[in-house]
file query_7.txt (compact mmCIF, C-alpha atoms)
# COMPACT_ATOMS: atom_id res chain seq x y z
CA MET A 129 163.23 -164.10 -71.81
CA SER A 130 166.37 -165.15 -69.91
CA VAL A 131 169.87 -164.76 -71.38
CA PRO A 132 170.34 -168.51 -72.11
CA ASP A 133 166.86 -168.69 -73.62
CA GLY A 134 167.66 -165.68 -75.79
CA LEU A 135 170.79 -167.35 -77.14
CA SER A 136 168.92 -170.58 -77.81
CA ALA A 137 166.16 -168.67 -79.58
CA ALA A 138 168.69 -166.79 -81.72
CA LEU A 139 170.43 -170.01 -82.75
CA ALA A 140 167.07 -171.61 -83.57
CA LEU A 141 165.90 -168.79 -85.83
CA PRO A 142 164.58 -170.02 -89.19
CA GLY A 143 166.86 -169.22 -92.09
CA LEU A 144 169.84 -168.44 -89.84
CA PRO A 145 172.42 -169.71 -92.41
CA PHE A 146 171.01 -167.31 -95.00
CA VAL A 147 171.11 -164.45 -92.48
CA LEU A 148 174.77 -165.25 -91.70
CA ILE A 149 175.71 -165.30 -95.37
CA ALA A 150 173.84 -162.04 -95.91
CA VAL A 151 175.73 -160.24 -93.14
CA VAL A 152 179.10 -161.30 -94.57
CA ALA A 153 178.09 -160.10 -98.04
CA ALA A 154 176.75 -156.87 -96.52
CA GLY A 155 180.05 -156.28 -94.74
CA VAL A 156 182.14 -156.84 -97.86
CA VAL A 157 180.03 -154.46 -99.95
CA TYR A 158 180.00 -151.85 -97.17
CA GLY A 159 183.77 -152.09 -96.76
CA PHE A 160 184.56 -151.33 -100.39
CA ALA A 161 181.61 -149.17 -101.45
CA GLY A 162 180.77 -147.34 -98.22
CA PHE A 163 177.08 -148.19 -98.62
CA GLY A 164 174.76 -151.09 -99.44
CA SER A 165 175.04 -153.12 -96.24
CA ALA A 166 171.43 -152.66 -95.11
CA LEU A 167 170.23 -152.95 -98.71
CA ILE A 168 171.70 -156.46 -98.72
CA PHE A 169 171.13 -157.63 -95.16
CA THR A 170 167.63 -156.32 -94.42
CA PRO A 171 165.71 -157.88 -97.35
CA VAL A 172 167.21 -161.29 -96.64
CA ALA A 173 166.77 -161.06 -92.87
CA VAL A 174 163.12 -159.95 -92.93
CA ALA A 175 162.30 -162.94 -95.11
CA PHE A 176 162.97 -165.11 -92.04
CA ILE A 177 162.78 -163.02 -88.88
CA PRO A 178 160.67 -160.11 -87.56
CA PRO A 179 161.80 -156.72 -88.95
CA GLU A 180 162.45 -155.28 -85.48
CA THR A 181 164.74 -158.23 -84.68
CA ALA A 182 166.62 -157.75 -87.94
CA ILE A 183 167.05 -154.00 -87.38
CA ALA A 184 168.25 -154.42 -83.79
CA ALA A 185 170.65 -157.26 -84.61
CA PHE A 186 172.15 -155.36 -87.52
CA GLY A 187 172.44 -152.21 -85.42
CA LEU A 188 174.47 -154.13 -82.85
CA SER A 189 176.68 -155.73 -85.48
CA ALA A 190 177.35 -152.23 -86.90
CA LEU A 191 179.39 -151.49 -83.77
CA VAL A 192 182.33 -153.27 -85.38
CA SER A 193 182.43 -150.58 -88.07
CA LEU A 194 183.74 -148.22 -85.39
CA PHE A 195 186.96 -150.26 -85.46
CA THR A 196 187.10 -151.58 -89.04
CA VAL A 197 186.11 -148.76 -91.41
CA VAL A 198 185.22 -145.62 -89.42
CA PRO A 199 188.84 -144.79 -88.37
CA GLY A 200 189.93 -144.64 -92.01
CA ALA A 201 186.85 -142.69 -93.04
CA TRP A 202 187.05 -140.12 -90.23
CA GLY A 203 189.86 -138.07 -91.76
CA GLU A 204 188.43 -138.19 -95.29
CA ALA A 205 184.81 -137.27 -94.49
CA ASP A 206 183.09 -133.91 -94.39
CA ARG A 207 182.25 -134.35 -90.71
CA THR A 208 180.06 -131.23 -90.50
CA ALA A 209 177.87 -132.40 -93.38
CA ALA A 210 177.71 -135.97 -92.09
CA GLY A 211 177.00 -134.78 -88.54
CA THR A 212 174.06 -132.65 -89.69
CA MET A 213 172.46 -135.61 -91.44
CA ILE A 214 173.17 -137.94 -88.52
CA ALA A 215 171.55 -135.60 -85.98
CA ALA A 216 168.45 -135.10 -88.14
CA ALA A 217 168.13 -138.85 -88.74
CA ILE A 218 168.34 -139.72 -85.04
CA LEU A 219 165.71 -137.12 -84.16
CA ALA A 220 163.32 -138.40 -86.85
CA ALA A 221 163.90 -142.16 -86.45
CA PRO A 222 161.35 -142.63 -83.60
CA LEU A 223 158.57 -141.82 -86.07
CA GLY A 224 159.73 -144.67 -88.28
CA ILE A 225 160.12 -147.03 -85.34
CA PHE A 226 156.57 -146.25 -84.27
CA ALA A 227 155.38 -147.20 -87.77
CA LEU A 228 157.39 -150.42 -87.46
CA SER A 229 155.57 -151.25 -84.22
CA VAL A 230 152.08 -150.90 -85.73
CA LEU A 231 152.47 -152.20 -89.29
CA ASP A 232 152.08 -155.87 -90.19
CA ARG A 233 155.27 -157.82 -90.83
CA GLU A 234 154.25 -158.67 -94.41
CA VAL A 235 153.62 -155.00 -95.13
CA ILE A 236 157.12 -154.15 -93.90
CA ARG A 237 158.58 -156.89 -96.11
CA VAL A 238 156.87 -155.49 -99.18
CA ILE A 239 158.00 -151.95 -98.32
CA VAL A 240 161.57 -153.20 -97.88
CA ALA A 241 161.51 -154.97 -101.26
CA LEU A 242 160.05 -151.92 -103.00
CA VAL A 243 162.51 -149.47 -101.42
CA VAL A 244 165.47 -151.67 -102.34
CA ALA A 245 164.21 -152.20 -105.90
CA ILE A 246 163.54 -148.47 -106.45
CA THR A 247 166.91 -147.52 -104.98
CA LEU A 248 168.70 -150.07 -107.15
CA ALA A 249 166.91 -148.83 -110.26
CA ALA A 250 167.85 -145.23 -109.41
CA LEU A 251 171.48 -146.15 -108.85
CA VAL A 252 171.75 -148.15 -112.07
CA ALA A 253 169.99 -145.43 -114.08
CA GLY A 254 172.23 -142.76 -112.59
CA TRP A 255 169.35 -140.81 -111.04
CA ARG A 256 170.33 -138.59 -108.13
CA PHE A 257 168.72 -135.93 -105.93
CA ALA A 258 169.17 -132.53 -107.52
CA ALA A 259 168.93 -130.65 -104.20
CA PRO A 260 172.01 -128.51 -103.49
CA PRO A 261 174.05 -129.58 -100.42
CA THR A 262 172.85 -126.87 -98.04
CA LEU A 263 172.30 -127.15 -94.29
CA ALA A 264 168.52 -127.36 -94.80
CA SER A 265 168.72 -129.98 -97.54
CA ARG A 266 171.12 -132.11 -95.50
CA ALA A 267 168.80 -131.91 -92.48
CA GLY A 268 165.82 -132.88 -94.64
CA ILE A 269 167.67 -135.78 -96.23
CA GLY A 270 168.81 -136.96 -92.80
CA ALA A 271 165.28 -136.77 -91.37
CA GLY A 272 163.83 -138.72 -94.28
CA SER A 273 166.52 -141.35 -93.92
CA GLY A 274 165.83 -141.61 -90.20
CA ILE A 275 162.12 -142.20 -90.69
CA LEU A 276 162.66 -144.78 -93.42
CA GLY A 277 165.45 -146.44 -91.45
CA GLY A 278 163.41 -146.64 -88.28
CA MET A 279 160.55 -148.31 -90.14
CA THR A 280 162.54 -150.71 -92.34
CA GLY A 281 166.19 -150.64 -91.27
CA LEU A 282 167.03 -149.05 -94.63
CA ASN A 283 168.65 -145.86 -93.42
CA GLY A 284 170.81 -145.56 -96.52
CA PRO A 285 168.81 -145.14 -99.77
CA ILE A 286 167.84 -141.48 -99.43
CA VAL A 287 171.21 -140.25 -98.22
CA ILE A 288 173.06 -142.44 -100.73
CA LEU A 289 171.26 -140.85 -103.67
CA PHE A 290 171.82 -137.39 -102.18
CA GLN A 291 175.50 -137.98 -101.45
CA LEU A 292 176.25 -139.42 -104.87
CA ALA A 293 174.66 -136.36 -106.50
CA GLY A 294 177.31 -134.08 -105.02
CA SER A 295 180.71 -133.13 -106.32
CA ASP A 296 182.65 -135.13 -103.73
CA GLY A 297 185.08 -137.70 -105.05
CA ALA A 298 184.80 -141.42 -104.40
CA ARG A 299 186.83 -141.29 -101.19
CA ARG A 300 184.90 -138.46 -99.53
CA SER A 301 181.51 -139.79 -100.60
CA ARG A 302 182.41 -143.22 -99.26
CA ALA A 303 183.70 -141.70 -96.01
CA ASN A 304 180.58 -139.56 -95.47
CA LEU A 305 178.33 -142.55 -96.04
CA ILE A 306 180.34 -144.73 -93.67
CA LEU A 307 180.00 -142.19 -90.85
CA PHE A 308 176.29 -141.66 -91.47
CA LEU A 309 175.30 -145.30 -91.87
CA THR A 310 177.36 -146.52 -88.92
CA ALA A 311 176.11 -143.84 -86.53
CA THR A 312 172.46 -144.14 -87.49
CA SER A 313 172.45 -147.97 -87.46
CA ILE A 314 173.86 -148.00 -83.94
CA SER A 315 171.36 -145.33 -82.83
CA PHE A 316 168.47 -147.67 -83.60
CA LEU A 317 169.33 -149.80 -80.54
CA PRO A 318 168.34 -147.33 -77.79
CA LEU A 319 165.42 -146.08 -79.89
CA LEU A 320 164.04 -149.61 -80.28
CA TRP A 321 164.54 -150.19 -76.55
CA MET A 322 162.57 -147.05 -75.68
CA GLN A 323 159.62 -148.33 -77.73
CA GLY A 324 159.80 -151.84 -76.27
CA LEU A 325 161.03 -153.55 -79.45
CA LEU A 326 164.53 -154.57 -78.34
CA THR A 327 164.64 -158.24 -77.29
CA VAL A 328 167.30 -160.47 -75.76
CA GLU A 329 167.00 -162.69 -78.83
CA ALA A 330 167.83 -159.75 -81.11
CA LEU A 331 170.86 -158.82 -79.01
CA TRP A 332 172.18 -162.37 -79.12
CA LEU A 333 171.69 -162.50 -82.87
CA GLY A 334 173.62 -159.23 -83.16
CA LEU A 335 176.50 -160.71 -81.17
CA ILE A 336 176.50 -163.75 -83.45
CA LEU A 337 176.56 -161.53 -86.53
CA MET A 338 179.19 -159.13 -85.22
CA PRO A 339 182.39 -161.11 -85.98
CA LEU A 340 181.10 -162.11 -89.41
CA TYR A 341 180.29 -158.50 -90.26
CA ALA A 342 183.73 -157.47 -89.00
CA VAL A 343 185.44 -159.94 -91.31
CA GLY A 344 183.30 -158.80 -94.23
CA THR A 345 184.05 -155.10 -93.73
CA ARG A 346 187.77 -155.84 -93.37
CA VAL A 347 187.77 -157.77 -96.63
CA GLY A 348 185.79 -155.05 -98.39
CA LYS A 349 188.09 -152.34 -97.09
CA ALA A 350 191.13 -154.26 -98.35
CA LEU A 351 189.53 -154.60 -101.78
CA PHE A 352 188.71 -150.88 -102.11
CA THR A 353 190.60 -149.13 -104.89
CA PRO A 354 189.07 -145.90 -106.23
CA GLY A 355 190.07 -146.74 -109.79
CA ARG A 356 188.02 -149.93 -109.74
CA GLU A 357 184.89 -148.31 -108.34
CA PRO A 358 182.71 -149.16 -111.41
CA ILE A 359 183.43 -152.87 -110.95
CA TYR A 360 182.59 -152.71 -107.25
CA ARG A 361 179.32 -150.97 -107.97
CA VAL A 362 178.20 -153.57 -110.53
CA VAL A 363 178.90 -156.37 -108.06
CA ALA A 364 177.05 -154.50 -105.31
CA TYR A 365 174.05 -153.87 -107.58
CA VAL A 366 173.73 -157.57 -108.47
CA ILE A 367 173.85 -158.59 -104.80
CA ILE A 368 171.34 -155.89 -103.82
CA GLY A 369 168.97 -157.03 -106.56
CA LEU A 370 169.06 -160.63 -105.38
CA ALA A 371 168.46 -159.48 -101.80
CA ALA A 372 165.39 -157.50 -102.88
CA LEU A 373 163.93 -160.61 -104.48
CA MET A 374 164.50 -162.53 -101.25
CA ALA A 375 162.33 -160.08 -99.32
CA LEU A 376 159.20 -160.69 -101.36
CA PRO A 377 156.53 -162.77 -99.57
CA ILE A 378 156.01 -164.86 -102.75
CA TRP A 379 158.66 -167.30 -101.50
CA GLU A 380 156.59 -168.42 -98.51
call {"tool": "encode", "arguments": {"input": "query_7.txt", "output": "structure tokens"}}
result
Amino acid sequence: MSVPDGLSAALALPGLPFVLIAVVAAGVVYGFAGFGSALIFTPVAVAFIPPETAIAAFGLSALVSLFTVVPGAWGEADRTAAGTMIAAAILAAPLGIFALSVLDREVIRVIVALVVAITLAALVAGWRFAAPPTLASRAGIGAGSGILGGMTGLNGPIVILFQLAGSDGARRSRANLILFLTATSISFLPLLWMQGLLTVEALWLGLILMPLYAVGTRVGKALFTPGREPIYRVVAYVIIGLAALMALPIWE
């Protein structure tokens, strides 16, 4: 597909307005909570477009996080812990991307909806991984997140539940998650390309989403106040729940 054809195809995607709204909401939640962007964007996007297109487009849009939220998170994060999980996730992600290439689109949609629903239920109920934050446990959590992320674009749920189980305060937890989610989302682009799943259409969609995601993360970052974290979480949970419903094939 030529470059102009790719742009035309991206603009003609079904449900594009919903995808645009979803990426703004994802950016806002990510900016103030440090997580939840893929939990919001992916369920909505896969309701209208192929999962591999959604994952690639969102990975490209995540580049803006390097300028909007990563600089502030860099000094507050435990970079050794985050780096261990990032490395393990990138090494394991090709397994998930291979599953993405062979599974039916409707199966992926159901998996996405289930993962989001289970993660939301765990967050609301206060359930967390009990594994201690050792090098081995971080590597295992990162690998699991990479496989799940490669298959569904949801690279966050496993590491979110692990990170929130630790003793880190709101700022450090948020910073660790920002580094992990940004790095792994961007890493999906070359991995998708190596398996022949990266299209010109997906790249154009990512470019379209990028400024909207940037605005969303900026707004979310401006809203972040540690003392109001419970309010932010409730808002994020409601949005995530609605996104999970959108992913279900029952709306066809």
call {"tool": "residues_near_point", "arguments": {"input": "query_7.txt", "point": "(168.0, -158.1, -107.1)", "cutoff": "12 Å", "atoms": "all atoms listed in the file", "output": "compact mmCIF listing (two decimals) with C-alpha atoms, in the frame of the given file"}}
result
# COMPACT_ATOMS: atom_id res chain seq x y z
CA LEU A 167 170.23 -152.95 -98.71
CA ILE A 168 171.70 -156.46 -98.72
CA PRO A 171 165.71 -157.88 -97.35
CA VAL A 172 167.21 -161.29 -96.64
CA ALA A 241 161.51 -154.97 -101.26
CA LEU A 242 160.05 -151.92 -103.00
CA VAL A 243 162.51 -149.47 -101.42
CA VAL A 244 165.47 -151.67 -102.34
CA ALA A 245 164.21 -152.20 -105.90
CA ILE A 246 163.54 -148.47 -106.45
CA THR A 247 166.91 -147.52 -104.98
CA LEU A 248 168.70 -150.07 -107.15
CA ALA A 249 166.91 -148.83 -110.26
CA VAL A 252 171.75 -148.15 -112.07
CA VAL A 362 178.20 -153.57 -110.53
CA VAL A 363 178.90 -156.37 -108.06
CA ALA A 364 177.05 -154.50 -105.31
CA TYR A 365 174.05 -153.87 -107.58
CA VAL A 366 173.73 -157.57 -108.47
CA ILE A 367 173.85 -158.59 -104.80
CA ILE A 368 171.34 -155.89 -103.82
CA GLY A 369 168.97 -157.03 -106.56
CA LEU A 370 169.06 -160.63 -105.38
CA ALA A 371 168.46 -159.48 -101.80
CA ALA A 372 165.39 -157.50 -102.88
CA LEU A 373 163.93 -160.61 -104.48
CA MET A 374 164.50 -162.53 -101.25
CA ALA A 375 162.33 -160.08 -99.32
CA LEU A 376 159.20 -160.69 -101.36
call {"tool": "atom_distance", "arguments": {"input": "query_7.txt", "atom1": "atom CA of Thr327 of chain A", "atom2": "atom CA of Leu305 of chain A"}}
result
28.0 Å
call {"tool": "axis_aligned_box", "arguments": {"input": "query_7.txt", "around": "segment 217-233 of chain A", "padding_each_side": "6 Å", "output": "lines of an AutoDock Vina configuration file"}}
result
center_x = 160.2
center_y = -147.5
center_z = -87.2
size_x = 28.3
size_y = 32.7
size_z = 19.2
call {"tool": "atom_distance", "arguments": {"input": "query_7.txt", "atom1": "atom CA of Leu331 of chain A", "atom2": "atom CA of Lys349 of chain A"}}
result
25.8 Å
call {"tool": "closest_residue", "arguments": {"input": "query_7.txt", "among": "A:Leu219, A:Ile236, A:Val192, A:Ala166", "to": "Leu319 of chain A", "atoms": "all atoms listed in the file"}}
result
A:Leu219
call {"tool": "residues_around", "arguments": {"input": "query_7.txt", "residues": "segment 198-200 of chain A", "least_positions_apart": "4", "cutoff": "8 Å", "atoms": "only C-alpha atoms", "output": "ChimeraX atom specification"}}
result
/A:193-194,204,303,306-307,310
call {"tool": "atom_distance", "arguments": {"input": "query_7.txt", "atom1": "atom CA of Arg302 of chain A", "atom2": "atom CA of Gly162 of chain A"}}
result
4.6 Å
call {"tool": "closest_residue", "arguments": {"input": "query_7.txt", "among": "A:Leu148, A:Thr196, A:Ile239, A:Ala182", "to": "Val343 of chain A", "atoms": "all atoms listed in the file"}}
result
A:Thr196
call {"tool": "decode", "arguments": {"input": "query_7.txt", "residues": "segment 332-371 of chain A", "atoms": "N, CA and C atoms", "output": "short mmCIF file (atom, residue, chain, number, x, y, z; two decimals), in the first residue's frame"}}
result
data_model
loop_
_atom_site.label_atom_id
_atom_site.label_comp_id
_atom_site.auth_asym_id
_atom_site.auth_seq_id
_atom_site.Cartn_x
_atom_site.Cartn_y
_atom_site.Cartn_z
N TRP A 332 -0.02 5.44 9.75
CA TRP A 332 -0.76 6.69 9.55
C TRP A 332 -1.76 6.92 10.69
N LEU A 333 -2.43 5.86 11.10
CA LEU A 333 -3.37 6.01 12.22
C LEU A 333 -2.62 6.44 13.47
N GLY A 334 -1.44 5.88 13.71
CA GLY A 334 -0.64 6.29 14.86
C GLY A 334 -0.27 7.76 14.82
N LEU A 335 0.08 8.25 13.62
CA LEU A 335 0.40 9.67 13.47
C LEU A 335 -0.81 10.55 13.74
N ILE A 336 -1.99 10.07 13.32
CA ILE A 336 -3.22 10.82 13.58
C ILE A 336 -3.51 10.86 15.08
N LEU A 337 -3.28 9.74 15.75
CA LEU A 337 -3.56 9.66 17.18
C LEU A 337 -2.56 10.42 18.04
N MET A 338 -1.34 10.56 17.55
CA MET A 338 -0.24 11.08 18.36
C MET A 338 -0.54 12.43 19.00
N PRO A 339 -0.96 13.45 18.26
CA PRO A 339 -1.21 14.74 18.92
C PRO A 339 -2.34 14.69 19.93
N LEU A 340 -3.36 13.87 19.66
CA LEU A 340 -4.47 13.75 20.60
C LEU A 340 -4.02 13.08 21.89
N TYR A 341 -3.19 12.06 21.76
CA TYR A 341 -2.65 11.39 22.94
C TYR A 341 -1.74 12.33 23.73
N ALA A 342 -0.99 13.14 23.02
CA ALA A 342 -0.11 14.11 23.68
C ALA A 342 -0.91 15.10 24.52
N VAL A 343 -1.99 15.61 23.95
CA VAL A 343 -2.85 16.54 24.69
C VAL A 343 -3.44 15.85 25.91
N GLY A 344 -3.91 14.62 25.73
CA GLY A 344 -4.49 13.89 26.84
C GLY A 344 -3.51 13.67 27.98
N THR A 345 -2.29 13.25 27.65
CA THR A 345 -1.31 13.00 28.72
C THR A 345 -0.91 14.29 29.42
N ARG A 346 -0.83 15.39 28.67
CA ARG A 346 -0.52 16.68 29.28
C ARG A 346 -1.60 17.09 30.26
N VAL A 347 -2.85 16.92 29.86
CA VAL A 347 -3.97 17.26 30.74
C VAL A 347 -3.95 16.38 31.98
N GLY A 348 -3.75 15.07 31.79
CA GLY A 348 -3.71 14.16 32.91
C GLY A 348 -2.58 14.47 33.88
N LYS A 349 -1.41 14.80 33.32
CA LYS A 349 -0.26 15.15 34.15
C LYS A 349 -0.55 16.39 34.98
N ALA A 350 -1.22 17.37 34.37
CA ALA A 350 -1.55 18.60 35.09
C ALA A 350 -2.56 18.35 36.21
N LEU A 351 -3.42 17.36 36.02
CA LEU A 351 -4.43 17.04 37.02
C LEU A 351 -3.89 16.24 38.19
N PHE A 352 -2.70 15.59 38.00
CA PHE A 352 -2.22 14.67 39.02
C PHE A 352 -1.84 15.38 40.31
N THR A 353 -2.49 14.94 41.39
CA THR A 353 -2.17 15.38 42.74
C THR A 353 -2.24 14.14 43.62
N PRO A 354 -1.13 13.73 44.25
CA PRO A 354 -1.15 12.49 45.02
C PRO A 354 -2.28 12.38 46.03
N GLY A 355 -2.65 13.50 46.64
CA GLY A 355 -3.70 13.47 47.64
C GLY A 355 -5.07 13.14 47.10
N ARG A 356 -5.25 13.31 45.80
CA ARG A 356 -6.55 13.03 45.19
C ARG A 356 -6.55 11.72 44.40
N GLU A 357 -5.56 10.88 44.67
CA GLU A 357 -5.42 9.62 43.94
C GLU A 357 -6.69 8.77 43.97
N PRO A 358 -7.40 8.63 45.13
CA PRO A 358 -8.61 7.80 45.12
C PRO A 358 -9.66 8.26 44.11
N ILE A 359 -9.80 9.57 43.96
CA ILE A 359 -10.78 10.10 42.99
C ILE A 359 -10.36 9.73 41.58
N TYR A 360 -9.07 9.89 41.28
CA TYR A 360 -8.57 9.57 39.95
C TYR A 360 -8.83 8.10 39.62
N ARG A 361 -8.59 7.24 40.61
CA ARG A 361 -8.73 5.82 40.36
C ARG A 361 -10.19 5.45 40.06
N VAL A 362 -11.12 6.03 40.79
CA VAL A 362 -12.54 5.74 40.55
C VAL A 362 -12.93 6.14 39.13
N VAL A 363 -12.49 7.33 38.72
CA VAL A 363 -12.79 7.79 37.36
C VAL A 363 -12.17 6.84 36.34
N ALA A 364 -10.93 6.45 36.56
CA ALA A 364 -10.25 5.53 35.64
C ALA A 364 -10.98 4.19 35.57
N TYR A 365 -11.44 3.68 36.71
CA TYR A 365 -12.11 2.39 36.73
C TYR A 365 -13.41 2.43 35.93
N VAL A 366 -14.16 3.51 36.05
CA VAL A 366 -15.41 3.64 35.30
C VAL A 366 -15.14 3.65 33.80
N ILE A 367 -14.13 4.41 33.38
CA ILE A 367 -13.80 4.49 31.96
C ILE A 367 -13.31 3.14 31.44
N ILE A 368 -12.48 2.46 32.23
CA ILE A 368 -11.97 1.14 31.83
C ILE A 368 -13.12 0.14 31.69
N GLY A 369 -14.07 0.18 32.61
CA GLY A 369 -15.22 -0.71 32.54
C GLY A 369 -16.04 -0.50 31.29
N LEU A 370 -16.28 0.75 30.92
CA LEU A 370 -17.02 1.04 29.70
C LEU A 370 -16.25 0.57 28.47
N ALA A 371 -14.93 0.73 28.49
CA ALA A 371 -14.11 0.29 27.37
C ALA A 371 -14.18 -1.23 27.21
#
